[in-house]
Every structure is written in C-alpha cells, then in structure tokens.
$ cat target_26.cif   # mmCIF, C-alpha atoms and all ligand atoms
data_work
loop_
_atom_site.label_atom_id
_atom_site.label_comp_id
_atom_site.auth_asym_id
_atom_site.auth_seq_id
_atom_site.Cartn_x
_atom_site.Cartn_y
_atom_site.Cartn_z
CA MET X 1 14.73 -12.20 -11.09
CA GLN X 2 12.93 -10.23 -13.75
CA MET X 3 9.33 -10.68 -14.72
CA PRO X 4 9.00 -12.36 -18.10
CA GLU X 5 7.70 -10.82 -21.24
CA GLU X 6 4.97 -13.45 -21.39
CA GLU X 7 3.18 -11.83 -18.46
CA ARG X 8 1.95 -9.11 -20.78
CA ASN X 9 -0.38 -11.67 -22.28
CA SER X 10 -2.15 -11.84 -18.99
CA SER X 11 -2.91 -8.14 -19.11
CA ASN X 12 -6.51 -7.64 -18.14
CA THR X 13 -7.54 -5.23 -20.82
CA ASN X 14 -10.30 -5.21 -23.34
CA GLY X 15 -10.27 -3.76 -26.83
CA ASP X 16 -9.95 -0.18 -25.69
CA GLY X 17 -7.41 -1.00 -23.05
CA GLY X 18 -9.73 -0.47 -20.07
CA PRO X 19 -10.33 -2.88 -17.21
CA GLN X 20 -12.69 -5.72 -17.95
CA GLY X 21 -14.39 -8.61 -16.17
CA ALA X 22 -13.12 -12.15 -15.61
CA PRO X 23 -9.99 -12.74 -17.69
CA GLY X 24 -8.87 -16.12 -18.93
CA ARG X 25 -5.53 -16.48 -17.27
CA HIS X 26 -3.83 -15.36 -14.10
CA VAL X 27 -0.10 -15.38 -13.38
CA LEU X 28 1.47 -16.06 -10.01
CA GLN X 29 5.13 -15.09 -9.86
CA TRP X 30 6.27 -17.22 -6.97
CA HIS X 31 9.67 -16.68 -5.38
CA ILE X 32 9.90 -20.03 -3.64
CA THR X 33 13.36 -19.28 -2.26
CA HIS X 34 15.51 -16.19 -1.97
CA ARG X 35 18.68 -18.27 -1.90
CA CYS X 36 20.84 -17.88 -4.96
CA ASN X 37 24.19 -19.09 -6.24
CA LEU X 38 24.89 -15.71 -7.92
CA PHE X 39 25.21 -12.11 -6.66
CA CYS X 40 23.80 -9.90 -9.41
CA ALA X 41 24.31 -6.14 -9.35
CA HIS X 42 20.63 -5.28 -9.86
CA CYS X 43 19.10 -8.06 -7.74
CA TYR X 44 15.87 -7.16 -5.91
CA GLN X 45 16.36 -9.61 -3.03
CA ASP X 46 17.61 -7.98 0.16
CA ASP X 47 16.95 -11.03 2.28
CA ARG X 48 18.88 -13.94 0.76
CA ALA X 49 17.91 -16.47 3.42
CA ALA X 50 14.13 -16.80 3.09
CA HIS X 51 13.04 -20.21 1.90
CA THR X 52 9.46 -21.46 1.67
CA SER X 53 8.90 -24.59 3.76
CA ALA X 54 7.15 -27.62 2.24
CA GLU X 55 4.10 -26.89 4.40
CA ALA X 56 3.98 -23.23 3.34
CA LEU X 57 4.29 -24.28 -0.32
CA ARG X 58 1.25 -26.51 0.01
CA GLU X 59 -0.82 -23.89 1.89
CA THR X 60 0.07 -21.18 -0.61
CA LEU X 61 -0.83 -23.42 -3.53
CA ASP X 62 -4.19 -24.23 -1.89
CA LYS X 63 -4.88 -20.53 -1.43
CA TYR X 64 -3.90 -19.73 -4.98
CA CYS X 65 -6.25 -22.44 -6.29
CA ARG X 66 -9.10 -21.01 -4.19
CA PHE X 67 -8.32 -17.57 -5.57
CA LEU X 68 -8.39 -18.87 -9.17
CA ALA X 69 -11.74 -20.55 -8.56
CA LYS X 70 -13.17 -17.25 -7.27
CA ILE X 71 -11.99 -15.24 -10.26
CA ASN X 72 -12.68 -18.05 -12.72
CA CYS X 73 -9.20 -18.13 -14.24
CA ARG X 74 -6.64 -20.71 -15.24
CA GLY X 75 -3.42 -20.25 -13.32
CA HIS X 76 0.08 -20.02 -14.73
CA VAL X 77 2.76 -20.24 -12.06
CA TYR X 78 6.19 -18.75 -12.70
CA LEU X 79 8.57 -20.50 -10.32
CA THR X 80 11.43 -18.19 -9.47
CA GLY X 81 13.76 -17.05 -6.70
CA GLY X 82 16.56 -16.34 -5.86
CA GLU X 83 17.38 -19.39 -7.90
CA PRO X 84 14.29 -21.65 -7.84
CA LEU X 85 16.25 -24.80 -8.69
CA LEU X 86 17.98 -24.49 -5.31
CA HIS X 87 14.71 -25.32 -3.57
CA PRO X 88 14.78 -29.02 -2.61
CA ALA X 89 11.04 -29.38 -3.32
CA PHE X 90 11.22 -27.69 -6.74
CA PHE X 91 10.30 -30.73 -8.85
CA GLU X 92 7.60 -32.00 -6.47
CA LEU X 93 6.04 -28.53 -6.53
CA ALA X 94 6.15 -28.28 -10.33
CA GLU X 95 4.54 -31.69 -10.56
CA GLU X 96 1.79 -30.71 -8.13
CA ILE X 97 1.11 -27.50 -10.07
CA THR X 98 0.58 -29.44 -13.30
CA ARG X 99 -1.46 -32.10 -11.46
CA ARG X 100 -3.82 -29.31 -10.40
CA GLY X 101 -4.30 -28.26 -14.03
CA MET X 102 -2.12 -25.16 -14.05
CA ALA X 103 0.71 -24.27 -16.38
CA PHE X 104 4.15 -23.52 -15.01
CA SER X 105 7.29 -21.81 -16.22
CA VAL X 106 10.67 -21.30 -14.63
CA LEU X 107 12.60 -18.03 -14.30
CA THR X 108 16.19 -18.97 -13.61
CA ASN X 109 19.78 -17.81 -13.97
CA GLY X 110 20.36 -21.01 -15.96
CA THR X 111 23.67 -21.88 -14.34
CA LEU X 112 22.46 -24.99 -12.51
CA ILE X 113 20.83 -26.66 -15.52
CA ASP X 114 22.60 -29.69 -16.95
CA LEU X 115 21.17 -32.38 -19.23
CA LYS X 116 19.83 -34.38 -16.30
CA THR X 117 17.97 -31.39 -14.83
CA ALA X 118 16.68 -30.37 -18.27
CA ASN X 119 15.44 -33.90 -18.85
CA ARG X 120 13.57 -33.89 -15.51
CA LEU X 121 12.06 -30.55 -16.41
CA ALA X 122 11.06 -31.67 -19.90
CA LEU X 123 9.02 -34.52 -18.42
CA LEU X 124 6.86 -31.91 -16.66
CA HIS X 125 6.31 -29.83 -19.83
CA PRO X 126 6.97 -26.27 -18.64
CA ALA X 127 5.42 -23.59 -20.87
CA PHE X 128 8.89 -22.04 -21.08
CA VAL X 129 12.10 -21.53 -19.16
CA GLN X 130 13.42 -18.00 -18.95
CA VAL X 131 17.13 -17.41 -18.52
CA SER X 132 18.44 -13.95 -17.70
CA LEU X 133 21.38 -12.79 -19.81
CA ASP X 134 22.66 -9.23 -19.57
CA GLY X 135 25.09 -9.27 -22.44
CA VAL X 136 27.72 -11.58 -23.86
CA GLY X 137 30.77 -12.93 -21.98
CA GLU X 138 32.32 -10.50 -19.58
CA VAL X 139 29.56 -7.91 -20.02
CA HIS X 140 27.13 -10.43 -18.50
CA ASP X 141 29.74 -11.62 -15.98
CA ARG X 142 30.27 -8.05 -14.73
CA VAL X 143 26.58 -7.97 -13.73
CA ARG X 144 26.11 -11.57 -12.58
CA GLY X 145 29.54 -12.92 -11.66
CA LEU X 146 32.56 -14.63 -13.21
CA TYR X 147 31.82 -17.54 -15.61
CA SER X 148 28.07 -17.05 -15.15
CA PHE X 149 27.58 -16.41 -18.90
CA GLU X 150 29.31 -19.60 -19.95
CA ARG X 151 27.37 -21.61 -17.38
CA ALA X 152 24.03 -20.03 -18.34
CA LEU X 153 24.72 -20.81 -22.01
CA LYS X 154 25.36 -24.46 -21.15
CA GLY X 155 22.01 -24.44 -19.34
CA ILE X 156 20.31 -23.03 -22.43
CA ASP X 157 21.89 -25.72 -24.60
CA ALA X 158 20.66 -28.45 -22.26
CA LEU X 159 17.14 -27.00 -22.36
CA THR X 160 17.03 -26.72 -26.14
CA VAL X 161 18.37 -30.27 -26.54
CA MET X 162 15.32 -31.32 -24.52
CA ARG X 163 13.09 -29.13 -26.72
CA ILE X 164 12.00 -26.86 -23.89
CA PRO X 165 11.09 -23.37 -25.18
CA VAL X 166 13.74 -20.94 -23.91
CA MET X 167 13.21 -17.23 -23.46
CA VAL X 168 16.11 -14.95 -22.69
CA SER X 169 15.52 -11.75 -20.74
CA PHE X 170 17.86 -8.79 -21.03
CA THR X 171 17.82 -5.96 -18.50
CA ALA X 172 18.94 -2.83 -20.35
CA GLN X 173 21.18 -0.58 -18.31
CA LYS X 174 23.86 1.99 -19.15
CA SER X 175 26.72 -0.50 -19.12
CA ASN X 176 25.33 -3.22 -21.40
CA LEU X 177 23.43 -1.47 -24.21
CA ASN X 178 26.08 -2.14 -26.84
CA SER X 179 26.09 -5.85 -26.08
CA PHE X 180 22.52 -6.44 -27.23
CA PRO X 181 23.23 -7.17 -30.95
CA ALA X 182 25.92 -9.71 -30.00
CA LEU X 183 23.52 -11.28 -27.52
CA ALA X 184 20.86 -11.58 -30.23
CA LYS X 185 23.36 -13.45 -32.41
CA VAL X 186 24.26 -15.83 -29.59
CA CYS X 187 20.58 -16.44 -28.83
CA GLU X 188 19.88 -17.29 -32.46
CA GLN X 189 22.85 -19.67 -32.61
CA HIS X 190 21.67 -21.45 -29.45
CA GLY X 191 18.05 -21.96 -30.48
CA VAL X 192 16.44 -19.43 -28.13
CA LYS X 193 12.79 -18.86 -28.94
CA LYS X 194 12.54 -15.26 -27.77
CA LEU X 195 14.88 -12.55 -26.60
CA TRP X 196 13.00 -9.83 -24.78
CA TRP X 197 14.25 -6.78 -22.95
CA ASP X 198 13.14 -4.21 -20.47
CA ARG X 199 14.69 -1.32 -18.57
CA VAL X 200 16.48 -1.73 -15.26
CA VAL X 201 14.46 -0.64 -12.21
CA THR X 202 16.41 1.51 -9.75
CA ASP X 203 15.46 2.77 -6.31
CA THR X 204 17.90 5.50 -5.26
CA PRO X 205 19.35 8.57 -7.00
CA GLN X 206 22.74 6.81 -6.92
CA THR X 207 21.55 3.63 -8.66
CA THR X 208 19.57 5.71 -11.13
CA GLU X 209 22.66 7.75 -11.96
CA LYS X 210 24.78 4.62 -12.32
CA LEU X 211 22.42 2.23 -14.10
CA ALA X 212 19.27 3.81 -15.54
CA LEU X 213 18.99 4.82 -19.18
CA SER X 214 18.39 8.45 -20.04
CA THR X 215 15.40 9.06 -22.30
CA ARG X 216 17.79 9.70 -25.19
CA GLN X 217 19.60 6.39 -24.61
CA PHE X 218 16.30 4.59 -24.26
CA ARG X 219 14.93 6.08 -27.47
CA ARG X 220 18.02 5.05 -29.42
CA PHE X 221 17.87 1.60 -27.92
CA VAL X 222 14.22 1.10 -28.88
CA LYS X 223 15.17 1.91 -32.49
CA LYS X 224 18.13 -0.45 -32.40
CA ALA X 225 15.99 -3.28 -31.01
CA ALA X 226 13.34 -2.63 -33.67
CA ARG X 227 15.99 -2.98 -36.41
CA LEU X 228 17.19 -6.23 -34.87
CA ARG X 229 13.65 -7.49 -34.73
CA GLU X 230 13.52 -7.13 -38.52
CA ARG X 231 16.90 -8.78 -38.96
CA TYR X 232 15.87 -11.82 -36.93
CA LYS X 233 12.48 -12.30 -38.55
CA ARG X 234 11.59 -15.95 -39.21
CA ALA X 235 9.80 -17.54 -42.09
CA ASP X 236 6.55 -17.70 -40.08
CA GLY X 237 6.65 -13.92 -39.47
CA SER X 238 7.71 -14.20 -35.82
CA SER X 239 11.02 -12.78 -34.65
CA LEU X 240 13.63 -13.76 -32.11
CA ILE X 241 13.48 -10.21 -30.77
CA SER X 242 10.40 -9.33 -28.78
CA MET X 243 9.20 -5.72 -28.52
CA GLU X 244 6.27 -6.02 -26.18
CA ARG X 245 7.20 -4.09 -23.06
CA SER X 246 6.34 -0.58 -21.89
CA LEU X 247 6.89 2.14 -24.51
CA GLN X 248 8.28 -0.31 -27.07
CA CYS X 249 5.11 0.27 -29.09
CA MET X 250 6.57 3.63 -30.13
CA ASP X 251 8.80 1.88 -32.63
CA GLY X 252 6.28 -0.54 -33.96
CA GLY X 253 6.25 -3.02 -31.07
CA GLY X 254 3.18 -4.30 -29.26
CA CYS X 255 1.44 -2.05 -26.80
CA TYR X 256 1.91 -3.12 -23.19
CA THR X 257 -0.30 -2.32 -20.24
CA CYS X 258 1.38 -1.97 -16.87
CA HIS X 259 -1.07 -3.91 -14.71
CA PRO X 260 0.26 -4.69 -11.23
CA GLY X 261 -2.17 -6.87 -9.30
CA VAL X 262 -4.70 -7.01 -12.12
CA ASN X 263 -4.02 -10.37 -13.62
CA MET X 264 -0.75 -11.13 -11.90
CA VAL X 265 0.51 -11.24 -8.36
CA THR X 266 3.84 -11.98 -6.69
CA ILE X 267 4.42 -14.05 -3.58
CA LEU X 268 7.85 -13.98 -1.94
CA ALA X 269 9.53 -16.84 -0.11
CA ASP X 270 8.44 -15.50 3.28
CA GLY X 271 4.82 -15.26 2.11
CA THR X 272 4.80 -11.52 1.38
CA VAL X 273 2.27 -10.65 -1.32
CA MET X 274 2.99 -7.88 -3.83
CA PRO X 275 0.94 -6.64 -6.80
CA CYS X 276 4.18 -6.64 -8.82
CA ARG X 277 7.72 -7.66 -7.85
CA ARG X 278 9.21 -4.62 -9.49
CA LEU X 279 7.20 -2.19 -7.33
CA PRO X 280 8.03 -1.83 -3.61
CA PHE X 281 4.46 -2.30 -2.31
CA THR X 282 3.21 -5.19 -0.23
CA VAL X 283 -0.38 -6.05 0.67
CA GLY X 284 0.30 -8.45 3.56
CA ASN X 285 1.30 -12.07 4.00
CA ILE X 286 -0.40 -15.03 2.33
CA ARG X 287 -0.25 -16.85 5.67
CA ASP X 288 -2.60 -14.23 7.17
CA GLY X 289 -5.46 -14.37 4.70
CA GLU X 290 -6.88 -15.26 1.32
CA LEU X 291 -5.30 -13.65 -1.74
CA ASP X 292 -8.40 -11.74 -2.87
CA GLU X 293 -8.95 -10.36 0.65
CA LEU X 294 -5.37 -9.15 0.92
CA LEU X 295 -5.50 -7.43 -2.47
CA SER X 296 -8.89 -5.81 -1.95
CA ALA X 297 -8.00 -4.49 1.53
CA ASP X 298 -5.04 -2.49 0.28
CA PRO X 299 -5.79 1.02 -1.10
CA THR X 300 -2.60 1.29 -3.18
CA ALA X 301 -3.19 -2.11 -4.78
CA GLN X 302 -6.77 -1.14 -5.47
CA LYS X 303 -5.75 2.11 -7.14
CA LEU X 304 -3.06 0.31 -9.20
CA MET X 305 -5.64 -2.25 -10.31
CA GLN X 306 -7.94 0.49 -11.62
CA LEU X 307 -5.23 1.25 -14.22
CA PRO X 308 -5.73 5.04 -14.11
CA ILE X 309 -4.45 7.03 -17.08
CA PRO X 310 -2.15 9.88 -15.92
CA GLU X 311 -3.34 13.39 -16.83
CA GLU X 312 -0.23 14.12 -18.90
CA CYS X 313 -1.06 11.11 -21.08
CA ALA X 314 -4.58 12.19 -21.96
CA ASP X 315 -3.71 13.29 -25.53
CA CYS X 316 -1.54 10.30 -26.36
CA ARG X 317 -2.70 7.89 -29.03
CA TYR X 318 -1.40 4.97 -26.94
CA ALA X 319 -3.02 6.15 -23.69
CA LYS X 320 -5.78 3.55 -23.47
CA THR X 321 -3.32 0.69 -23.60
CA CYS X 322 -0.05 2.15 -22.33
CA ARG X 323 -1.70 4.01 -19.43
CA GLY X 324 1.44 5.89 -18.43
CA GLY X 325 4.11 3.28 -19.16
CA ALA X 326 6.13 1.31 -16.60
CA LYS X 327 5.22 2.27 -13.04
CA CYS X 328 8.22 0.35 -11.67
CA VAL X 329 10.80 2.34 -13.65
CA THR X 330 9.07 5.69 -13.03
CA TYR X 331 8.38 5.12 -9.34
CA GLY X 332 11.97 3.99 -8.76
CA GLN X 333 13.31 7.22 -10.27
CA THR X 334 10.72 9.78 -9.16
CA GLY X 335 8.82 8.31 -6.21
CA ARG X 336 5.59 8.99 -8.13
CA LEU X 337 3.19 6.33 -9.35
CA PHE X 338 0.39 7.73 -11.45
CA VAL X 339 2.39 9.95 -13.79
CA LYS X 340 3.73 9.67 -17.33
CA ASP X 341 6.65 7.26 -17.79
CA VAL X 342 9.96 8.90 -16.93
CA ASN X 343 11.44 7.79 -20.30
CA CYS X 344 8.44 8.56 -22.50
CA PHE X 345 9.38 10.33 -25.73
CA TYR X 346 5.92 10.49 -27.23
CA LYS X 347 4.91 13.83 -28.65
CA ALA X 348 1.25 14.40 -29.43
CA LYS X 349 0.62 15.88 -32.89
CA LYS X 350 -0.69 19.47 -32.59
S1 LIG X 401 5.22 -2.23 -12.59
FE1 LIG X 401 4.13 -2.48 -14.52
S2 LIG X 401 5.66 -2.36 -16.14
FE2 LIG X 401 6.71 -2.73 -14.21
S3 LIG X 401 6.92 -4.96 -14.22
FE3 LIG X 401 5.09 -4.43 -13.01
S4 LIG X 401 3.41 -4.59 -14.47
FE4 LIG X 401 5.28 -4.53 -15.69
S1 LIG X 402 2.32 9.70 -23.20
FE1 LIG X 402 1.75 8.31 -21.53
S2 LIG X 402 0.35 6.82 -22.46
FE2 LIG X 402 1.48 7.84 -24.13
S3 LIG X 402 3.26 6.56 -24.55
FE3 LIG X 402 3.89 8.12 -23.07
S4 LIG X 402 3.61 7.18 -21.07
FE4 LIG X 402 2.43 5.95 -22.53
#

$ encode --input "target_26.cif" --output "structure tokens"
Amino acid sequence: MQMPEEERNSSNTNGDGGPQGAPGRHVLQWHITHRCNLFCAHCYQDDRAAHTSAEALRETLDKYCRFLAKINCRGHVYLTGGEPLLHPAFFELAEEITRRGMAFSVLTNGTLIDLKTANRLALLHPAFVQVSLDGVGEVHDRVRGLYSFERALKGIDALTVMRIPVMVSFTAQKSNLNSFPALAKVCEQHGVKKLWWDRVVTDTPQTTEKLALSTRQFRRFVKKAARLRERYKRADGSSLISMERSLQCMDGGGCYTCHPGVNMVTILADGTVMPCRRLPFTVGNIRDGELDELLSADPTAQKLMQLPIPEECADCRYAKTCRGGAKCVTYGQTGRLFVKDVNCFYKAKK
C-alpha cells in the first residue's frame, strides 16, 4: 500500500524548510493486517500472514495516544494493510479512533467496497479513502490482478455515492506511464477528488531495471502530469491532478519534504515500527516500548529526522524544502540515503 499524498501536509517544516518545534498534526500509517485479496507486482509486504490481534490494536492505540500527548499533536490514523477491510475489527477500530478525537483515513485496493460497506464507512466520517489505481483496465490488472480495475472502480462509485472524498494514487513505473491521461479521465468521470502519483520504489538491480523510471522518463512524465493538471483545473482553482510529491515542484508543483519519522510513523501488523513504510529501516516493536523511546533510540531514525540537506544539493533553489528528494526511491536504487535524488534533473544556474 502506498503512502498517500496527504501525508505531505504533515511535513514538519517551517518557512525555510528546516525542522521546527511541535507541529499540529501527526500521521500514523497503520498496517493493521498484512492479509490481502490481491497480489500486486510492487507490493511491499513479504509476510502476508501477520494480523494485529484485538488486544494489540488496543495497546498500540493507547501508546499512540500517549505519544500524541507528549508531542502535543492531533493524530490522523491511516488504516491500511494488506487490505485493511479484511481485518474483522476494522469498523470497531475506526470508531474508537474517532471516539478518541483523531481523524482517520483508509488506504485500500477498493475491491471489497460495496454500497453497504461505503455506507458504514460514511457514518464514521473518514477524512478520505485512498484507492490505488495503476492505470486503466488491463494496465492496472497486469499490476494488481485480473478484474481488479473493474472491482476497484465499483468501490470508488460506492464511496462517491456516499459522498466520501476519494483520492486515487498512481504508482508510476515503466509499464504504465502512458495510461495516466486515460486514468485521469476515468477519475474525473467517477467523481474522484484527487489523483496523485509518485514513483515506484524498487529494492534490487533487477526490479530497478524492470520497473523504475529513468531520469529522462521521469522528467517527461512530470511535464505530462503538469499539463494534465492544467487540463483538469476546476472553477475553484483546484485540480484533479495533484503535483505535490518529491521533485514535482520542478514543473510548478508544490515542494515536498521527505520527512521519515518526523511527523509520521508506520506500524506494521506485527508491531514493527518504521519511520517510513517505503524505507527498509525499523526501530523496534511497539510491544517493547513507547513510540518516542523507540524513535529516539535509533541512530538512523534520528539522522533521518534531522532532515539533512545532501552536499550536492547545496546550490539548489529548492534545497531547503526538497532536502535531496525521495529517500525511498534513491535508497532503493543506490543503497545511499543522504544524497541527491537519483532522478533529480535540477541544474543550478551558473
Ligand atoms: S522516504 Fe520520504 S519521499 Fe519516500 S515516502 Fe517516505 S517520506 Fe515520502
Ligand atoms: S538538487 Fe537536491 S534539493 Fe534540489 S531538487 Fe534536486 S534533489 Fe531536490
């Protein structure tokens, strides 16, 4: 499951992009189960059996609330998986989250959502539901399985009927780039609020070769997405197409700060805590300690949270906000963390 575009709003940066004190909002990306009804090509979950017990859900929620009280933030919980709707305690958990004064959203493959499920969800007022679509029709099905596009679209329709804000996430990889304009059209026709995109994260030379965009492909794609953003502009000035992820600022999008662990944290179904789901670093298990203790005891998490600017980025006009681009994409392809983004095409003016 991919992290939603909305998490950029939790970025803990001040006006000049540097770290600041207590922020207003903190995001927990919570993989409550690793079970899933689909088998996607770029899925991060190796272990498809882990499932958080009802007791562990309660304990984790207690710990997260204690953490929020310490950092003086309002929590926003992204319930995800695997497929989060497969967890039998999903609705009870969502209800408990809202009862404790936090917002919640759902990151789902959309295929299990019918009108009845959407109606149950609507009663709990999620901030949004994000459905992952990697193209239209068979382009999506090649990545996520036969008939998964059609089923996800039915899920989107059920959500929009119930007036739940729907975001669609698109993972750009070599095989699906050309499908993006058609996907934008489908999203508009089906009442999607936002279509956002980011690059696929790979972790071996083979997957990089097969899936990852070259810098040239990425650059062209940023331009294409920027044109679509204009085409799908609405009367209120917003657009269906979101350009708010790493390096998308170079074609007029918003500037994104990669901020693992800063104002966001991931907890997996077995309790593993990670600064960011798209980076392969863990800081321990939530069952063994408090969240702040786990994060502050880990040197890599601490360094990530300082948001260092890579040396090669020093002359860049975006450096204070971009801070080297997407660590997940770059680390997956180079094994290096605090360096310039592997797809960066910025050239400083001499
Ligand atoms: S590593 Fe950075 S860019 Fe990648 S998902 Fe995490 S916060 Fe976002
Ligand atoms: S040079 Fe560095 S800071 Fe500037 S856009 Fe590229 S990755 Fe981001």

$ atom_distance --input "target_26.cif" --atom1 "atom CA of Gln130 of chain X" --atom2 "atom CA of Gly271 of chain X"
22.9 Å

$ residues_around --input "target_26.cif" --residues "Cys255 of chain X" --least-positions-apart "3" --cutoff "8 Å" --atoms "all atoms listed in the file" --output "number ranges by chain"
X: 244-249, 318, 321-322

$ residues_near_ligand --input "target_26.cif" --ligand "ligand LIG 401 (chain X)" --cutoff "6 Å" --atoms "all atoms listed in the file" --output "count of residues only"
9

$ residues_near_ligand --input "target_26.cif" --ligand "ligand LIG 402 (chain X)" --cutoff "6 Å" --atoms "only C-alpha atoms and all ligand atoms" --output "ChimeraX atom specification"
/X:247,313,316,318-319,322-325,340-341,344,346

$ closest_residue --input "target_26.cif" --among "X:Leu85, X:Lys320, X:Thr208, X:Leu304" --to "Asn263 of chain X" --atoms "all atoms listed in the file"
X:Leu304

$ atom_distance --input "target_26.cif" --atom1 "atom CA of Phe180 of chain X" --atom2 "atom CA of Val161 of chain X"
24.2 Å

$ closest_residue --input "target_26.cif" --among "X:Ala184, X:Leu93, X:Met264, X:Val131" --to "Asp292 of chain X" --atoms "all atoms listed in the file"
X:Met264

$ residues_around --input "target_26.cif" --residues "segment 68-79 of chain X" --least-positions-apart "6" --cutoff "6 Å" --atoms "only C-alpha atoms" --output "list in words"
Gly24, Arg25, His26, Val27, Leu28, Gln29, Trp30, Met102, Ala103, Phe104, Ser105 and Val106 of chain X

$ atom_distance --input "target_26.cif" --atom1 "atom CA of Ile113 of chain X" --atom2 "atom CA of Ala158 of chain X"
7.0 Å

$ residues_near_point --input "target_26.cif" --point "(0.9, -6.3, -7.7)" --cutoff "7 Å" --atoms "all atoms listed in the file" --output "ChimeraX atom specification"
/X:260-261,264-266,274-277,301
